[in-house]
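**Student:** One structure, pasted below without further comment.
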Amino acid sequence: MTTNFYVFIPLLVLVMLIVWRIWFYKKKINLNDFNPAWRNILNKEVLFYADLSKTDKIRFEQEVLYFFDDVTITGVKIEINDTDRLLVAASAVIPLFGFPELRYRNINEVLLYESSFNEEHQTEGEGRNILGKVGTGDMNRLMILSLPALRAGFQNKNATSNVGIHEFVHLIDKADGAIDGIPESLMHNTYVAPWLKLMHKEIDNIRENKSDINPYGATSEVEFLSVASEYFFSNPEAFQKKHPELYGLMQKMYRHSF
């Protein structure tokens with residue numbers, strides 16, 4: 001084969017990647033497809049959306065449409081409604097709202113179960129203590145959520161937990177190729193060291209019962225990122241009051257101020 005052939009192939013791949021990225025980021029969404037009734041649901045059920053400016057609400061609605069276009073939401077042996085679908089989409093949109101140029105590229109479908117489930121994805125029997133899960137292996141590009149848990153995360157305005165946000169933060173963490181509690185796709189390099197320092201300090205506080213952050217966050221750096229993030233987005237006032245330094249860093253990390 002000639003030298004020109006070896007030069008041509010990489011160039012062709014590069015052009016294809018550029019075209020793909022342009023399509024991926026520039027794909028048009030018609031806001032007329034956004035059902036006006038959905039605005040009432042979001043205003044009632046999603047405090048994050050309700051507190052946005054009019055301009056940001058329009059962008060949020062656009063991101064919901066992008067999500068619906070990219071990801072299938074399926075009820076497993078249960079009927080789901082528009083509110084359930086919107087809560088899934090909101091869970092995805094909220095942590096990436098400060099990054100309008102980004103989309104989830106590592107998920108195709110969200111499965112909603114009737115209740116909590118076990119490691120075998122059964123909703124009956126023993127060991128049903130899982131509320132959400134990002135799939136791996138044969139279930140790669142899937143997410144499973146307990147529907148009651150998803151709803152509960154948005155119903156309590158003073159909640160510090162939200163299983164939907166929790167699992168989508170795992171996907172964000174996974175996007176850089178390493179699930180390690182450091183979302184490199186979002187976090188500027190200058191924030192990595194301060195983040196690790198604060199994270200380990202807070203994990204120690206959790207283990208010593210000196211923190212109101214969910215104890216599950218102390219099981220690993222991966223879980224701490226998701227647990228702290230759901231608290232940050234669900235109850236920012238309480239989070240800022242009780243964890244001001246961590247709150248300030250997460251504001252920068254997620255590019256969002258409440």
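Chain labels A, B, ... are given in the sequence in which chains occur in the structure tokens; within each chain residues are numbered consecutively from 1, and ligands are likewise numbered from 1 in the order shown.
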Give me, as a list in words, the residues of segment 64-238 of chain A that a backbone DSSP run labels strand (DSSP E).
**Tutor:** Thr72, Ile73, Thr74, Gly75, Glu109, Val110, Leu111, Leu112, Tyr113, Gly132, Lys133, Val134, Leu142, Met143, Ile144, Leu145 and Ser146 of chain A
**Student:** Can you write out the residues you just picked, keeping C-alpha atoms, as a short mmCIF file (atom, residue, chain, number, x, y, z; two decimals), in the first residue's frame?
**Tutor:**
data_model
loop_
_atom_site.label_atom_id
_atom_site.label_comp_id
_atom_site.auth_asym_id
_atom_site.auth_seq_id
_atom_site.Cartn_x
_atom_site.Cartn_y
_atom_site.Cartn_z
CA THR A 72 -35.71 5.50 26.12
CA ILE A 73 -37.54 5.38 29.46
CA THR A 74 -39.31 2.10 30.14
CA GLY A 75 -41.54 0.92 32.95
CA GLU A 109 -32.32 3.36 28.28
CA VAL A 110 -33.60 3.91 31.81
CA LEU A 111 -35.64 1.09 33.35
CA LEU A 112 -38.12 1.99 36.09
CA TYR A 113 -38.92 -0.76 38.60
CA GLY A 132 -30.69 2.72 41.62
CA LYS A 133 -27.96 1.21 39.51
CA VAL A 134 -25.86 2.04 36.47
CA LEU A 142 -28.67 0.93 30.96
CA MET A 143 -29.78 2.50 34.22
CA ILE A 144 -32.26 0.99 36.67
CA LEU A 145 -34.22 3.15 39.10
CA SER A 146 -36.82 2.34 41.71
#
**Student:** Which residues of segment 37-115 of chain A come within 12 Å of segment 241-253 of chain A, and what is each one's closest atom pair and distance in Å (one decimal), counting only C-alpha atoms, sorted by chain and residue number, as JSON lines?
**Tutor:**
{"residue": "A:Pro95", "atom": "CA", "partner": "A:Met253", "partner_atom": "CA", "distance": 10.1}
{"residue": "A:Leu96", "atom": "CA", "partner": "A:Met253", "partner_atom": "CA", "distance": 10.5}
{"residue": "A:Phe97", "atom": "CA", "partner": "A:Met253", "partner_atom": "CA", "distance": 11.6}
{"residue": "A:Gly98", "atom": "CA", "partner": "A:Met253", "partner_atom": "CA", "distance": 9.1}
{"residue": "A:Phe99", "atom": "CA", "partner": "A:Met253", "partner_atom": "CA", "distance": 10.3}
**Student:** Keeping all heavy atoms for every residue in the selection just given, could you write it to a file as a PDB file, in the first residue's frame?
**Tutor:**
ATOM      1  N   PRO A  95     -27.533  17.870  36.836  1.00  0.00           N
ATOM      2  CA  PRO A  95     -26.086  17.925  37.077  1.00  0.00           C
ATOM      3  C   PRO A  95     -25.271  18.421  35.890  1.00  0.00           C
ATOM      4  O   PRO A  95     -24.123  18.853  36.074  1.00  0.00           O
ATOM      5  CB  PRO A  95     -25.719  16.484  37.449  1.00  0.00           C
ATOM      6  CG  PRO A  95     -26.829  15.652  36.953  1.00  0.00           C
ATOM      7  CD  PRO A  95     -28.048  16.497  36.970  1.00  0.00           C
ATOM      8  N   LEU A  96     -25.824  18.396  34.674  1.00  0.00           N
ATOM      9  CA  LEU A  96     -25.104  18.893  33.500  1.00  0.00           C
ATOM     10  C   LEU A  96     -25.604  20.260  33.044  1.00  0.00           C
ATOM     11  O   LEU A  96     -25.180  20.746  31.992  1.00  0.00           O
ATOM     12  CB  LEU A  96     -25.233  17.903  32.327  1.00  0.00           C
ATOM     13  CG  LEU A  96     -24.304  16.690  32.322  1.00  0.00           C
ATOM     14  CD1 LEU A  96     -24.473  15.910  31.012  1.00  0.00           C
ATOM     15  CD2 LEU A  96     -22.846  17.078  32.513  1.00  0.00           C
ATOM     16  N   PHE A  97     -26.457  20.892  33.828  1.00  0.00           N
ATOM     17  CA  PHE A  97     -27.079  22.134  33.372  1.00  0.00           C
ATOM     18  C   PHE A  97     -26.052  23.246  33.155  1.00  0.00           C
ATOM     19  O   PHE A  97     -26.243  24.122  32.311  1.00  0.00           O
ATOM     20  CB  PHE A  97     -28.147  22.594  34.369  1.00  0.00           C
ATOM     21  CG  PHE A  97     -29.041  23.663  33.810  1.00  0.00           C
ATOM     22  CD1 PHE A  97     -29.914  23.380  32.776  1.00  0.00           C
ATOM     23  CD2 PHE A  97     -29.003  24.955  34.314  1.00  0.00           C
ATOM     24  CE1 PHE A  97     -30.735  24.370  32.243  1.00  0.00           C
ATOM     25  CE2 PHE A  97     -29.822  25.950  33.790  1.00  0.00           C
ATOM     26  CZ  PHE A  97     -30.694  25.650  32.750  1.00  0.00           C
ATOM     27  N   GLY A  98     -24.969  23.214  33.905  1.00  0.00           N
ATOM     28  CA  GLY A  98     -23.920  24.213  33.730  1.00  0.00           C
ATOM     29  C   GLY A  98     -23.034  23.948  32.534  1.00  0.00           C
ATOM     30  O   GLY A  98     -22.110  24.735  32.254  1.00  0.00           O
ATOM     31  N   PHE A  99     -23.307  22.867  31.795  1.00  0.00           N
ATOM     32  CA  PHE A  99     -22.480  22.471  30.656  1.00  0.00           C
ATOM     33  C   PHE A  99     -23.370  22.212  29.441  1.00  0.00           C
ATOM     34  O   PHE A  99     -23.569  21.064  29.037  1.00  0.00           O
ATOM     35  CB  PHE A  99     -21.669  21.223  30.997  1.00  0.00           C
ATOM     36  CG  PHE A  99     -20.728  21.402  32.153  1.00  0.00           C
ATOM     37  CD1 PHE A  99     -21.188  21.276  33.464  1.00  0.00           C
ATOM     38  CD2 PHE A  99     -19.398  21.717  31.933  1.00  0.00           C
ATOM     39  CE1 PHE A  99     -20.322  21.464  34.538  1.00  0.00           C
ATOM     40  CE2 PHE A  99     -18.532  21.894  33.002  1.00  0.00           C
ATOM     41  CZ  PHE A  99     -18.994  21.781  34.305  1.00  0.00           C
TER      42      PHE A  99
END
**Student:** When you draw a straight line from atom CA of Ser116 of chain A to atom CA of Asn205 of chain A, how long is it in Å?
**Tutor:**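 Answer for the atom CA of Ser116 of chain A to atom CA of Asn205 of chain A separation: 28.6 Å.
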**Student:** What's around segment 43-53 of chain A at 9 Å? Count only C-alpha atoms, leave out sequence neighbours fewer than 3 positions away in its own chain, and write the answer as a list of chain:residue names.
**Tutor:**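 Near neighbours after the sequence-gap exclusion: A:Trp38, A:Arg39, A:Asn40, A:Asp56, A:Lys57, A:Ile58, A:Phe60, A:Thr83, A:Leu87, A:Ala90, A:Ile94, A:Arg151, A:Phe154, A:Gln155, A:Lys157, A:Phe233, A:Ser234, A:Phe258.
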**Student:** Just checking: using only C-alpha atoms, which residue out of A:Asn129, A:Asn108, A:Asn214, A:Ser229 ends up closest to Asp173 of chain A?
**Tutor:**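 Closest residue, counting only C-alpha atoms: A:Ser229.
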**Student:** Show me, as an MDAnalysis selection string, the residues that have an atom within 12 Å of Asp204 of chain A when counting only C-alpha atoms, minus same-chain residues fewer than 4 positions from it.
**Tutor:** chainID A and resid 197:200 208:211 213 215 217:221 224
**Student:** Please produce a file of the residues just selected, as a compact mmCIF listing (two decimals), in the first residue's frame, where the atoms kept are all heavy atoms.
**Tutor:**
# COMPACT_ATOMS: atom_id res chain seq x y z
N LYS A 197 -8.89 16.61 48.76
CA LYS A 197 -8.64 16.96 50.16
C LYS A 197 -9.94 17.12 50.93
O LYS A 197 -10.11 16.55 52.02
CB LYS A 197 -7.84 18.27 50.22
CG LYS A 197 -7.51 18.72 51.64
CD LYS A 197 -6.71 20.02 51.63
CE LYS A 197 -6.42 20.51 53.05
NZ LYS A 197 -5.64 21.79 53.04
N LEU A 198 -10.88 17.85 50.37
CA LEU A 198 -12.17 18.06 51.05
C LEU A 198 -12.96 16.76 51.14
O LEU A 198 -13.61 16.48 52.15
CB LEU A 198 -12.99 19.11 50.30
CG LEU A 198 -12.63 20.57 50.55
CD1 LEU A 198 -13.48 21.49 49.69
CD2 LEU A 198 -12.83 20.93 52.02
N MET A 199 -12.90 15.96 50.08
CA MET A 199 -13.63 14.71 50.07
C MET A 199 -13.15 13.78 51.17
O MET A 199 -13.96 13.22 51.94
CB MET A 199 -13.50 14.03 48.70
CG MET A 199 -14.13 12.65 48.62
SD MET A 199 -14.33 12.03 46.92
CE MET A 199 -12.67 12.19 46.30
N HIS A 200 -11.85 13.62 51.30
CA HIS A 200 -11.32 12.72 52.33
C HIS A 200 -11.59 13.26 53.73
O HIS A 200 -11.86 12.48 54.66
CB HIS A 200 -9.83 12.51 52.10
CG HIS A 200 -9.53 11.73 50.86
ND1 HIS A 200 -8.43 11.96 50.07
CD2 HIS A 200 -10.21 10.72 50.26
CE1 HIS A 200 -8.43 11.13 49.05
NE2 HIS A 200 -9.50 10.36 49.14
N GLU A 208 -16.91 9.44 61.59
CA GLU A 208 -16.88 9.81 63.01
C GLU A 208 -18.20 10.42 63.48
O GLU A 208 -18.27 10.99 64.56
CB GLU A 208 -15.74 10.82 63.23
CG GLU A 208 -14.35 10.23 62.97
CD GLU A 208 -13.26 11.28 62.98
OE1 GLU A 208 -13.57 12.46 63.30
OE2 GLU A 208 -12.10 10.95 62.67
N ASN A 209 -19.24 10.27 62.64
CA ASN A 209 -20.57 10.80 62.96
C ASN A 209 -20.57 12.31 63.20
O ASN A 209 -21.29 12.82 64.05
CB ASN A 209 -21.16 10.07 64.17
CG ASN A 209 -21.43 8.61 63.91
OD1 ASN A 209 -21.92 8.23 62.83
ND2 ASN A 209 -21.08 7.76 64.86
N LYS A 210 -19.75 13.01 62.43
CA LYS A 210 -19.66 14.46 62.55
C LYS A 210 -20.21 15.17 61.32
O LYS A 210 -19.95 16.36 61.11
CB LYS A 210 -18.20 14.88 62.78
CG LYS A 210 -17.60 14.37 64.07
CD LYS A 210 -16.14 14.81 64.19
CE LYS A 210 -15.50 14.30 65.47
NZ LYS A 210 -14.05 14.70 65.56
N SER A 211 -20.95 14.46 60.50
CA SER A 211 -21.47 15.03 59.26
C SER A 211 -22.89 14.55 59.02
O SER A 211 -23.25 13.43 59.41
CB SER A 211 -20.59 14.63 58.07
OG SER A 211 -21.15 15.07 56.85
N ILE A 213 -24.03 14.34 55.96
CA ILE A 213 -24.02 13.72 54.64
C ILE A 213 -24.29 12.22 54.79
O ILE A 213 -23.81 11.59 55.72
CB ILE A 213 -22.67 13.97 53.93
CG1 ILE A 213 -22.52 15.47 53.61
CG2 ILE A 213 -22.55 13.16 52.64
CD1 ILE A 213 -21.20 15.84 52.97
N PRO A 215 -24.29 8.53 55.19
CA PRO A 215 -23.16 7.64 55.50
C PRO A 215 -22.71 6.78 54.31
O PRO A 215 -21.55 6.35 54.27
CB PRO A 215 -23.70 6.76 56.63
CG PRO A 215 -24.75 7.60 57.28
CD PRO A 215 -25.39 8.37 56.18
N GLY A 217 -21.98 7.75 51.56
CA GLY A 217 -20.92 8.48 50.90
C GLY A 217 -19.53 8.14 51.41
O GLY A 217 -18.53 8.43 50.75
N ALA A 218 -19.47 7.53 52.58
CA ALA A 218 -18.16 7.17 53.15
C ALA A 218 -17.68 5.81 52.68
O ALA A 218 -16.57 5.39 53.03
CB ALA A 218 -18.23 7.18 54.68
N THR A 219 -18.47 5.11 51.87
CA THR A 219 -18.06 3.79 51.42
C THR A 219 -16.96 3.85 50.36
O THR A 219 -16.17 2.91 50.24
CB THR A 219 -19.25 3.00 50.86
OG1 THR A 219 -19.84 3.73 49.77
CG2 THR A 219 -20.31 2.78 51.94
N SER A 220 -16.91 4.94 49.60
CA SER A 220 -15.88 5.09 48.58
C SER A 220 -15.90 6.51 48.04
O SER A 220 -16.87 7.24 48.22
CB SER A 220 -16.10 4.10 47.42
OG SER A 220 -17.26 4.46 46.69
N GLU A 221 -14.83 6.89 47.34
CA GLU A 221 -14.78 8.19 46.69
C GLU A 221 -15.87 8.30 45.62
O GLU A 221 -16.45 9.38 45.41
CB GLU A 221 -13.40 8.42 46.07
CG GLU A 221 -12.28 8.51 47.10
CD GLU A 221 -10.91 8.64 46.45
OE1 GLU A 221 -10.81 8.43 45.21
OE2 GLU A 221 -9.94 8.95 47.17
N PHE A 224 -19.10 8.97 47.35
CA PHE A 224 -19.11 10.30 47.96
C PHE A 224 -19.48 11.36 46.92
O PHE A 224 -20.26 12.26 47.21
CB PHE A 224 -17.77 10.65 48.59
CG PHE A 224 -17.77 12.01 49.24
CD1 PHE A 224 -18.23 12.17 50.53
CD2 PHE A 224 -17.36 13.15 48.55
CE1 PHE A 224 -18.28 13.43 51.13
CE2 PHE A 224 -17.40 14.41 49.12
CZ PHE A 224 -17.86 14.54 50.43
**Student:** Could you pull out the alpha helix (DSSP H) residues of segment 7-228 of chain A, going by DSSP on the backbone, and write them as a PyMOL selection string?
**Tutor:** chain A and resi 7-26+36-45+47-50+54-70+82-96+147-155+163-174+189-207+221-228
**Student:** Would you export the selected residues with C-alpha atoms as a JSON list (two decimals), in the first residue's frame, please?
**Tutor:**
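The resulting file, selection-v1.json, is shown below:
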[["chain", "number", "residue", "atom", "x", "y", "z"],
["A", 7, "VAL", "CA", -2.21, 9.26, 5.39],
["A", 8, "PHE", "CA", -5.73, 9.16, 3.96],
["A", 9, "ILE", "CA", -7.23, 6.76, 6.52],
["A", 10, "PRO", "CA", -6.41, 8.85, 9.63],
["A", 11, "LEU", "CA", -7.67, 11.96, 7.84],
["A", 12, "LEU", "CA", -10.90, 10.19, 6.95],
["A", 13, "VAL", "CA", -11.39, 9.07, 10.55],
["A", 14, "LEU", "CA", -10.72, 12.62, 11.76],
["A", 15, "VAL", "CA", -13.27, 14.08, 9.33],
["A", 16, "MET", "CA", -15.86, 11.50, 10.40],
["A", 17, "LEU", "CA", -15.28, 12.36, 14.07],
["A", 18, "ILE", "CA", -15.64, 16.07, 13.35],
["A", 19, "VAL", "CA", -18.86, 15.49, 11.42],
["A", 20, "TRP", "CA", -20.17, 13.27, 14.22],
["A", 21, "ARG", "CA", -19.37, 15.88, 16.87],
["A", 22, "ILE", "CA", -21.05, 18.62, 14.85],
["A", 23, "TRP", "CA", -24.16, 16.47, 14.43],
["A", 24, "PHE", "CA", -24.10, 15.46, 18.06],
["A", 25, "TYR", "CA", -23.84, 18.97, 19.44],
["A", 26, "LYS", "CA", -25.76, 20.87, 16.74],
["A", 36, "PRO", "CA", -47.04, 22.97, 27.65],
["A", 37, "ALA", "CA", -48.51, 20.66, 30.31],
["A", 38, "TRP", "CA", -44.97, 19.51, 31.09],
["A", 39, "ARG", "CA", -44.11, 23.02, 32.34],
["A", 40, "ASN", "CA", -46.77, 22.72, 35.01],
["A", 41, "ILE", "CA", -45.39, 19.35, 36.06],
["A", 42, "LEU", "CA", -41.83, 20.64, 36.24],
["A", 43, "ASN", "CA", -42.84, 23.76, 38.15],
["A", 44, "LYS", "CA", -44.71, 21.62, 40.66],
["A", 45, "GLU", "CA", -42.34, 18.67, 41.00],
["A", 47, "LEU", "CA", -37.68, 22.83, 42.53],
["A", 48, "PHE", "CA", -34.47, 23.28, 40.53],
["A", 49, "TYR", "CA", -36.53, 24.09, 37.43],
["A", 50, "ALA", "CA", -39.06, 26.23, 39.31],
["A", 54, "LYS", "CA", -37.48, 32.30, 32.22],
["A", 55, "THR", "CA", -34.52, 32.05, 29.84],
["A", 56, "ASP", "CA", -32.94, 29.18, 31.77],
["A", 57, "LYS", "CA", -36.28, 27.37, 31.94],
["A", 58, "ILE", "CA", -36.40, 27.39, 28.15],
["A", 59, "ARG", "CA", -32.90, 25.92, 28.03],
["A", 60, "PHE", "CA", -33.89, 23.30, 30.62],
["A", 61, "GLU", "CA", -36.87, 22.34, 28.46],
["A", 62, "GLN", "CA", -34.58, 22.05, 25.46],
["A", 63, "GLU", "CA", -32.27, 19.74, 27.39],
["A", 64, "VAL", "CA", -35.27, 17.60, 28.39],
["A", 65, "LEU", "CA", -36.17, 17.22, 24.72],
["A", 66, "TYR", "CA", -32.59, 16.29, 23.88],
["A", 67, "PHE", "CA", -32.70, 13.65, 26.61],
["A", 68, "PHE", "CA", -36.02, 12.24, 25.42],
["A", 69, "ASP", "CA", -34.61, 12.07, 21.90],
["A", 70, "ASP", "CA", -31.52, 10.15, 23.02],
["A", 82, "ASP", "CA", -45.32, 11.92, 31.83],
["A", 83, "THR", "CA", -44.40, 12.98, 35.36],
["A", 84, "ASP", "CA", -42.21, 9.91, 35.80],
["A", 85, "ARG", "CA", -40.50, 10.50, 32.47],
["A", 86, "LEU", "CA", -39.92, 14.15, 33.31],
["A", 87, "LEU", "CA", -38.42, 13.25, 36.69],
["A", 88, "VAL", "CA", -35.95, 10.94, 34.95],
["A", 89, "ALA", "CA", -35.06, 13.65, 32.44],
["A", 90, "ALA", "CA", -34.72, 16.27, 35.19],
["A", 91, "SER", "CA", -32.38, 13.95, 37.09],
["A", 92, "ALA", "CA", -30.18, 13.86, 34.01],
["A", 93, "VAL", "CA", -30.40, 17.54, 33.10],
["A", 94, "ILE", "CA", -29.72, 19.03, 36.54],
["A", 95, "PRO", "CA", -26.09, 17.93, 37.08],
["A", 96, "LEU", "CA", -25.10, 18.89, 33.50],
["A", 147, "LEU", "CA", -39.82, 4.43, 40.67],
["A", 148, "PRO", "CA", -40.97, 5.15, 44.26],
["A", 149, "ALA", "CA", -37.44, 6.25, 45.15],
["A", 150, "LEU", "CA", -37.22, 8.45, 42.06],
["A", 151, "ARG", "CA", -40.48, 10.18, 43.00],
["A", 152, "ALA", "CA", -39.47, 10.54, 46.66],
["A", 153, "GLY", "CA", -36.30, 12.37, 45.70],
["A", 154, "PHE", "CA", -38.36, 15.23, 44.27],
["A", 155, "GLN", "CA", -41.33, 15.23, 46.65],
["A", 163, "VAL", "CA", -31.56, 8.67, 43.56],
["A", 164, "GLY", "CA", -32.01, 9.92, 40.00],
["A", 165, "ILE", "CA", -29.35, 12.62, 40.33],
["A", 166, "HIS", "CA", -27.16, 10.15, 42.22],
["A", 167, "GLU", "CA", -27.08, 7.66, 39.35],
["A", 168, "PHE", "CA", -26.63, 10.24, 36.61],
["A", 169, "VAL", "CA", -23.63, 11.64, 38.48],
["A", 170, "HIS", "CA", -22.20, 8.12, 38.33],
["A", 171, "LEU", "CA", -22.60, 8.30, 34.54],
["A", 172, "ILE", "CA", -20.81, 11.65, 34.49],
["A", 173, "ASP", "CA", -17.99, 10.15, 36.56],
["A", 174, "LYS", "CA", -17.87, 7.18, 34.18],
["A", 189, "ASN", "CA", -7.45, 20.34, 36.81],
["A", 190, "THR", "CA", -6.91, 23.05, 39.43],
["A", 191, "TYR", "CA", -9.89, 21.74, 41.40],
["A", 192, "VAL", "CA", -8.80, 18.10, 41.59],
["A", 193, "ALA", "CA", -6.41, 18.42, 44.55],
["A", 194, "PRO", "CA", -8.77, 20.61, 46.64],
["A", 195, "TRP", "CA", -11.63, 18.23, 45.82],
["A", 196, "LEU", "CA", -9.70, 15.18, 46.98],
["A", 197, "LYS", "CA", -8.64, 16.96, 50.16],
["A", 198, "LEU", "CA", -12.17, 18.06, 51.05],
["A", 199, "MET", "CA", -13.63, 14.71, 50.07],
["A", 200, "HIS", "CA", -11.32, 12.72, 52.33],
["A", 201, "LYS", "CA", -11.86, 15.19, 55.16],
["A", 202, "GLU", "CA", -15.63, 14.83, 54.87],
["A", 203, "ILE", "CA", -15.46, 11.05, 54.57],
["A", 204, "ASP", "CA", -13.57, 11.02, 57.87],
["A", 205, "ASN", "CA", -16.26, 13.26, 59.38],
["A", 206, "ILE", "CA", -18.98, 10.90, 58.19],
["A", 207, "ARG", "CA", -17.21, 7.91, 59.73],
["A", 221, "GLU", "CA", -14.78, 8.19, 46.69],
["A", 222, "VAL", "CA", -17.16, 7.17, 43.90],
["A", 223, "GLU", "CA", -20.17, 7.13, 46.20],
["A", 224, "PHE", "CA", -19.11, 10.30, 47.96],
["A", 225, "LEU", "CA", -19.24, 12.23, 44.68],
["A", 226, "SER", "CA", -22.80, 11.09, 43.98],
["A", 227, "VAL", "CA", -24.03, 11.48, 47.56],
["A", 228, "ALA", "CA", -22.56, 14.98, 47.92]]
**Student:** So how far away is atom CA of Asn106 of chain A from atom CA of Arg141 of chain A, in Å?
**Tutor:**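 Interatomic distance here is 5.4 Å.
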**Student:** Atom CA of Leu186 of chain A and atom CA of Tyr216 of chain A are how many Å apart?
**Tutor:**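 Those two atoms sit 23.0 Å apart.
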**Student:** From the set A:Gly177, A:Phe232, A:Leu131, A:Leu31, which residue has the shortest atom-to-atom contact distance to Glu119 of chain A, counting only C-alpha atoms?
**Tutor:**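 Smallest distance to Glu119 of chain A is found for A:Leu131.
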